[in-house]
Structures are given as structure tokens and as C-alpha cells.
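For reference, start06.txt is printed below; it contains compact mmCIF, N, CA and C atoms.
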```txt
# COMPACT_ATOMS: atom_id res chain seq x y z
N MET A 24 122.62 108.99 90.53
CA MET A 24 121.27 108.76 90.02
C MET A 24 120.58 110.10 89.77
N MET A 25 119.91 110.20 88.65
CA MET A 25 119.20 111.43 88.32
C MET A 25 117.88 111.52 89.06
N LYS A 26 117.48 112.75 89.34
CA LYS A 26 116.20 112.96 90.01
C LYS A 26 115.07 112.53 89.08
N PRO A 27 113.96 112.04 89.65
CA PRO A 27 112.83 111.66 88.81
C PRO A 27 112.16 112.88 88.20
N VAL A 28 111.47 112.67 87.11
CA VAL A 28 110.73 113.72 86.42
C VAL A 28 109.30 113.72 86.94
N PHE A 29 108.81 114.89 87.33
CA PHE A 29 107.45 115.01 87.84
C PHE A 29 106.47 115.05 86.66
N ALA A 30 105.48 114.18 86.68
CA ALA A 30 104.45 114.14 85.63
C ALA A 30 103.16 114.72 86.19
N ASP A 31 102.72 115.82 85.60
CA ASP A 31 101.47 116.44 86.06
C ASP A 31 100.31 115.96 85.21
N THR A 32 99.13 116.45 85.53
CA THR A 32 97.91 116.01 84.85
C THR A 32 97.97 116.27 83.35
N SER A 33 98.45 117.44 82.96
CA SER A 33 98.48 117.76 81.53
C SER A 33 99.41 116.82 80.76
N ALA A 34 100.49 116.39 81.39
CA ALA A 34 101.39 115.43 80.73
C ALA A 34 100.70 114.09 80.52
N LEU A 35 99.98 113.62 81.54
CA LEU A 35 99.29 112.34 81.41
C LEU A 35 98.16 112.42 80.38
N ILE A 36 97.46 113.55 80.36
CA ILE A 36 96.40 113.72 79.36
C ILE A 36 96.99 113.72 77.96
N ALA A 37 98.09 114.43 77.78
CA ALA A 37 98.73 114.47 76.45
C ALA A 37 99.21 113.08 76.03
N LEU A 38 99.73 112.29 76.98
CA LEU A 38 100.16 110.94 76.64
C LEU A 38 98.99 110.03 76.30
N GLY A 39 97.90 110.18 77.02
CA GLY A 39 96.78 109.25 76.87
C GLY A 39 95.77 109.58 75.80
N ASN A 40 95.75 110.81 75.33
CA ASN A 40 94.73 111.24 74.38
C ASN A 40 95.36 111.53 73.01
N LYS A 41 95.12 110.66 72.06
CA LYS A 41 95.71 110.81 70.73
C LYS A 41 95.25 112.09 70.02
N ARG A 42 94.14 112.67 70.47
CA ARG A 42 93.64 113.90 69.85
C ARG A 42 94.16 115.16 70.54
N ASP A 43 94.90 115.01 71.63
CA ASP A 43 95.47 116.16 72.34
C ASP A 43 96.52 116.83 71.45
N ALA A 44 96.54 118.16 71.47
CA ALA A 44 97.48 118.92 70.64
C ALA A 44 98.94 118.59 70.95
N PHE A 45 99.21 118.13 72.16
CA PHE A 45 100.59 117.85 72.56
C PHE A 45 100.90 116.35 72.61
N HIS A 46 100.02 115.52 72.08
CA HIS A 46 100.20 114.07 72.17
C HIS A 46 101.53 113.61 71.57
N HIS A 47 101.81 114.00 70.35
CA HIS A 47 103.04 113.53 69.69
C HIS A 47 104.28 114.06 70.39
N HIS A 48 104.22 115.29 70.83
CA HIS A 48 105.36 115.86 71.57
C HIS A 48 105.57 115.10 72.89
N ALA A 49 104.47 114.82 73.59
CA ALA A 49 104.56 114.09 74.87
C ALA A 49 105.15 112.70 74.67
N LEU A 50 104.76 112.03 73.59
CA LEU A 50 105.34 110.71 73.30
C LEU A 50 106.84 110.80 73.07
N GLY A 51 107.26 111.84 72.35
CA GLY A 51 108.69 112.03 72.09
C GLY A 51 109.47 112.30 73.37
N VAL A 52 108.92 113.14 74.23
CA VAL A 52 109.57 113.44 75.51
C VAL A 52 109.65 112.17 76.36
N LYS A 53 108.55 111.41 76.41
CA LYS A 53 108.54 110.16 77.19
C LYS A 53 109.60 109.20 76.66
N ASP A 54 109.71 109.07 75.35
CA ASP A 54 110.71 108.18 74.76
C ASP A 54 112.13 108.64 75.11
N ASP A 55 112.38 109.96 75.03
CA ASP A 55 113.69 110.49 75.38
C ASP A 55 114.02 110.20 76.85
N LEU A 56 113.04 110.40 77.72
CA LEU A 56 113.26 110.16 79.15
C LEU A 56 113.46 108.67 79.44
N ASN A 57 112.74 107.83 78.74
CA ASN A 57 112.92 106.39 78.91
C ASN A 57 114.31 105.95 78.46
N ARG A 58 114.76 106.49 77.35
CA ARG A 58 116.10 106.15 76.85
C ARG A 58 117.18 106.58 77.84
N SER A 59 116.95 107.70 78.53
CA SER A 59 117.93 108.17 79.50
C SER A 59 117.73 107.51 80.87
N LYS A 60 116.79 106.56 80.93
CA LYS A 60 116.51 105.77 82.14
C LYS A 60 116.04 106.63 83.32
N ARG A 61 115.32 107.71 83.00
CA ARG A 61 114.78 108.56 84.06
C ARG A 61 113.56 107.90 84.67
N ASP A 62 113.40 108.08 85.96
CA ASP A 62 112.21 107.64 86.66
C ASP A 62 111.21 108.79 86.69
N PHE A 63 109.99 108.47 87.07
CA PHE A 63 108.92 109.46 87.08
C PHE A 63 108.26 109.47 88.45
N VAL A 64 107.69 110.61 88.80
CA VAL A 64 106.94 110.73 90.05
C VAL A 64 105.66 111.51 89.75
N THR A 65 104.59 111.09 90.38
CA THR A 65 103.31 111.79 90.28
C THR A 65 102.61 111.63 91.62
N THR A 66 101.40 112.10 91.71
CA THR A 66 100.67 112.00 92.98
C THR A 66 99.31 111.35 92.74
N SER A 67 98.73 110.87 93.83
CA SER A 67 97.39 110.29 93.74
C SER A 67 96.38 111.34 93.29
N ALA A 68 96.60 112.61 93.65
CA ALA A 68 95.69 113.67 93.22
C ALA A 68 95.74 113.85 91.70
N ILE A 69 96.92 113.74 91.13
CA ILE A 69 97.05 113.87 89.67
C ILE A 69 96.41 112.69 88.97
N LEU A 70 96.60 111.49 89.49
CA LEU A 70 95.94 110.33 88.89
C LEU A 70 94.42 110.46 88.98
N LEU A 71 93.92 111.02 90.08
CA LEU A 71 92.49 111.26 90.21
C LEU A 71 92.01 112.27 89.18
N GLU A 72 92.74 113.37 89.02
CA GLU A 72 92.38 114.37 88.01
C GLU A 72 92.39 113.77 86.61
N PHE A 73 93.43 112.99 86.33
CA PHE A 73 93.53 112.35 85.02
C PHE A 73 92.35 111.42 84.78
N GLY A 74 92.03 110.59 85.77
CA GLY A 74 90.89 109.69 85.64
C GLY A 74 89.60 110.45 85.43
N ASN A 75 89.43 111.57 86.10
CA ASN A 75 88.25 112.39 85.93
C ASN A 75 88.19 112.97 84.51
N ALA A 76 89.33 113.43 84.01
CA ALA A 76 89.37 114.00 82.66
C ALA A 76 89.05 112.95 81.60
N PHE A 77 89.33 111.69 81.90
CA PHE A 77 89.09 110.59 80.96
C PHE A 77 87.86 109.77 81.35
N SER A 78 86.91 110.38 82.04
CA SER A 78 85.78 109.63 82.56
C SER A 78 84.71 109.30 81.51
N SER A 79 84.81 109.90 80.33
CA SER A 79 83.84 109.55 79.29
C SER A 79 84.03 108.09 78.89
N VAL A 80 82.97 107.49 78.43
CA VAL A 80 82.98 106.06 78.11
C VAL A 80 84.09 105.71 77.11
N SER A 81 84.31 106.57 76.12
CA SER A 81 85.30 106.24 75.09
C SER A 81 86.74 106.32 75.59
N LEU A 82 87.01 107.15 76.60
CA LEU A 82 88.38 107.33 77.10
C LEU A 82 88.68 106.52 78.36
N LYS A 83 87.65 106.02 79.01
CA LYS A 83 87.84 105.33 80.29
C LYS A 83 88.81 104.15 80.21
N PRO A 84 88.74 103.29 79.18
CA PRO A 84 89.70 102.17 79.11
C PRO A 84 91.15 102.64 79.04
N SER A 85 91.40 103.74 78.32
CA SER A 85 92.76 104.29 78.25
C SER A 85 93.23 104.78 79.61
N ALA A 86 92.33 105.43 80.35
CA ALA A 86 92.68 105.95 81.68
C ALA A 86 93.01 104.80 82.62
N ILE A 87 92.19 103.79 82.62
CA ILE A 87 92.42 102.65 83.51
C ILE A 87 93.76 102.00 83.19
N LYS A 88 94.04 101.81 81.92
CA LYS A 88 95.30 101.19 81.50
C LYS A 88 96.51 102.01 81.94
N LEU A 89 96.47 103.33 81.74
CA LEU A 89 97.60 104.17 82.10
C LEU A 89 97.77 104.26 83.61
N ILE A 90 96.67 104.42 84.35
CA ILE A 90 96.76 104.50 85.81
C ILE A 90 97.32 103.21 86.39
N GLU A 91 96.86 102.08 85.90
CA GLU A 91 97.38 100.80 86.39
C GLU A 91 98.85 100.63 86.04
N ALA A 92 99.25 101.07 84.86
CA ALA A 92 100.66 100.98 84.46
C ALA A 92 101.54 101.82 85.40
N VAL A 93 101.08 103.01 85.73
CA VAL A 93 101.82 103.88 86.65
C VAL A 93 101.91 103.22 88.02
N ARG A 94 100.81 102.70 88.50
CA ARG A 94 100.77 102.12 89.85
C ARG A 94 101.62 100.86 89.97
N GLN A 95 101.80 100.12 88.87
CA GLN A 95 102.55 98.87 88.92
C GLN A 95 104.01 99.00 88.50
N SER A 96 104.36 100.10 87.86
CA SER A 96 105.71 100.26 87.34
C SER A 96 106.71 100.54 88.46
N LYS A 97 107.88 99.95 88.33
CA LYS A 97 108.97 100.23 89.27
C LYS A 97 109.64 101.56 88.96
N ARG A 98 109.37 102.10 87.79
CA ARG A 98 109.99 103.36 87.38
C ARG A 98 109.13 104.57 87.73
N TRP A 99 107.94 104.33 88.23
CA TRP A 99 107.04 105.41 88.64
C TRP A 99 106.84 105.36 90.14
N GLN A 100 106.94 106.52 90.77
CA GLN A 100 106.61 106.66 92.18
C GLN A 100 105.31 107.45 92.25
N ASN A 101 104.33 106.90 92.95
CA ASN A 101 103.04 107.56 93.12
C ASN A 101 102.94 108.01 94.57
N MET A 102 103.08 109.31 94.79
CA MET A 102 102.99 109.85 96.14
C MET A 102 101.51 110.00 96.53
N ILE A 103 101.16 109.37 97.62
CA ILE A 103 99.77 109.44 98.09
C ILE A 103 99.58 110.76 98.82
N ILE A 104 98.62 111.53 98.35
CA ILE A 104 98.31 112.81 98.98
C ILE A 104 97.37 112.55 100.14
N ASP A 105 97.84 112.89 101.32
CA ASP A 105 97.00 112.73 102.50
C ASP A 105 96.98 114.06 103.26
N GLU A 106 96.31 114.07 104.37
CA GLU A 106 96.16 115.32 105.13
C GLU A 106 97.50 115.90 105.56
N LYS A 107 98.48 115.04 105.89
CA LYS A 107 99.78 115.53 106.32
C LYS A 107 100.47 116.31 105.21
N LEU A 108 100.39 115.81 103.97
CA LEU A 108 101.02 116.51 102.86
C LEU A 108 100.28 117.80 102.50
N MET A 109 98.99 117.83 102.74
CA MET A 109 98.20 119.01 102.40
C MET A 109 98.46 120.18 103.34
N LEU A 110 98.94 119.90 104.54
CA LEU A 110 99.17 120.97 105.52
C LEU A 110 100.47 121.62 105.32
```
Could I get this structure in the form of C-alpha cells?
Amino acid sequence: MMKPVFADTSALIALGNKRDAFHHHALGVKDDLNRSKRDFVTTSAILLEFGNAFSSVSLKPSAIKLIEAVRQSKRWQNMIIDEKLML
């Protein structure tokens, strides 16, 4: 089994924002990774940053949709950042 791909805040922003300079590239990378059946990993801190970046009224529905998709997907692991991990 291949190691999961780590998705950081900039990757999620590029995927979720059609006006981002890297949006089309991010979609292509996501499609390639999906075809190769790679799993993804992110953290609760990154999802929080992403939600904050998309907090404007026009982007909020996209953020909610993407965050919920990540949280419910079997192909995504969401590592909860707690005090133990921060130390």
C-alpha cells in the first residue's frame, strides 16, 4: 500500500477556489492521485485554516462542502491536532 499524500492548506485552497492561480493544476494532481488510488491525510488545524480562508459569504458554502467531504471520506484521514501532538 502506498503512503497517503499530505494535503496542506494551500492545496485545499487551490482545489476549492476556481479563481486561485493553481486551481486547474490542483484538479489535475487530485485526478492523477485518485486514479492511482492514493489516500490523503490532513489535520484539523489545516481544515480550520482552510475554513478561515473561505470565511467570506461567497466562499463559505464551498468550504463547508469540502470540509464535510474530507471528514466523511474513507480515503481521507483527518489527524486531530491536540496538545499531545503540539508538544
Report, in Å to a single decimal, how far apart atom C of Met25 of chain A and atom C of Gln95 of chain A are. 18.7 Å
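Within the 12 Å cut-off around Ala76 of chain A, using only C-alpha atoms and omitting residues fewer than 3 positions from it on the same chain, the listed residues are Thr32, Ser33, Leu35, Ile36, Ala37, Gly39, Asn40, Ile69, Leu70, Leu71, Glu72, Phe73, Ser79, Val80, Ser81, Leu82, Lys83, Ser85, Ala86 and Ile87 of chain A.
Remark: for Lys26 of chain A, the closest of the candidate residues A:Val93, A:Ala44, A:Ile103, A:Leu56 is A:Leu56 (distances computed over only C-alpha atoms).
Reported to one decimal place, the separation of atom CA of Asp43 of chain A from atom CA of Ala68 of chain A is 21.0 Å.
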Pairwise distance, atom C of Lys60 of chain A with atom N of Phe45 of chain A, equals 23.2 Å
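The nearest approach to Ala30 of chain A among the residues A:Val64, A:Ala92, A:His47, A:Arg42, with only C-alpha atoms taken into account, belongs to A:Val64.
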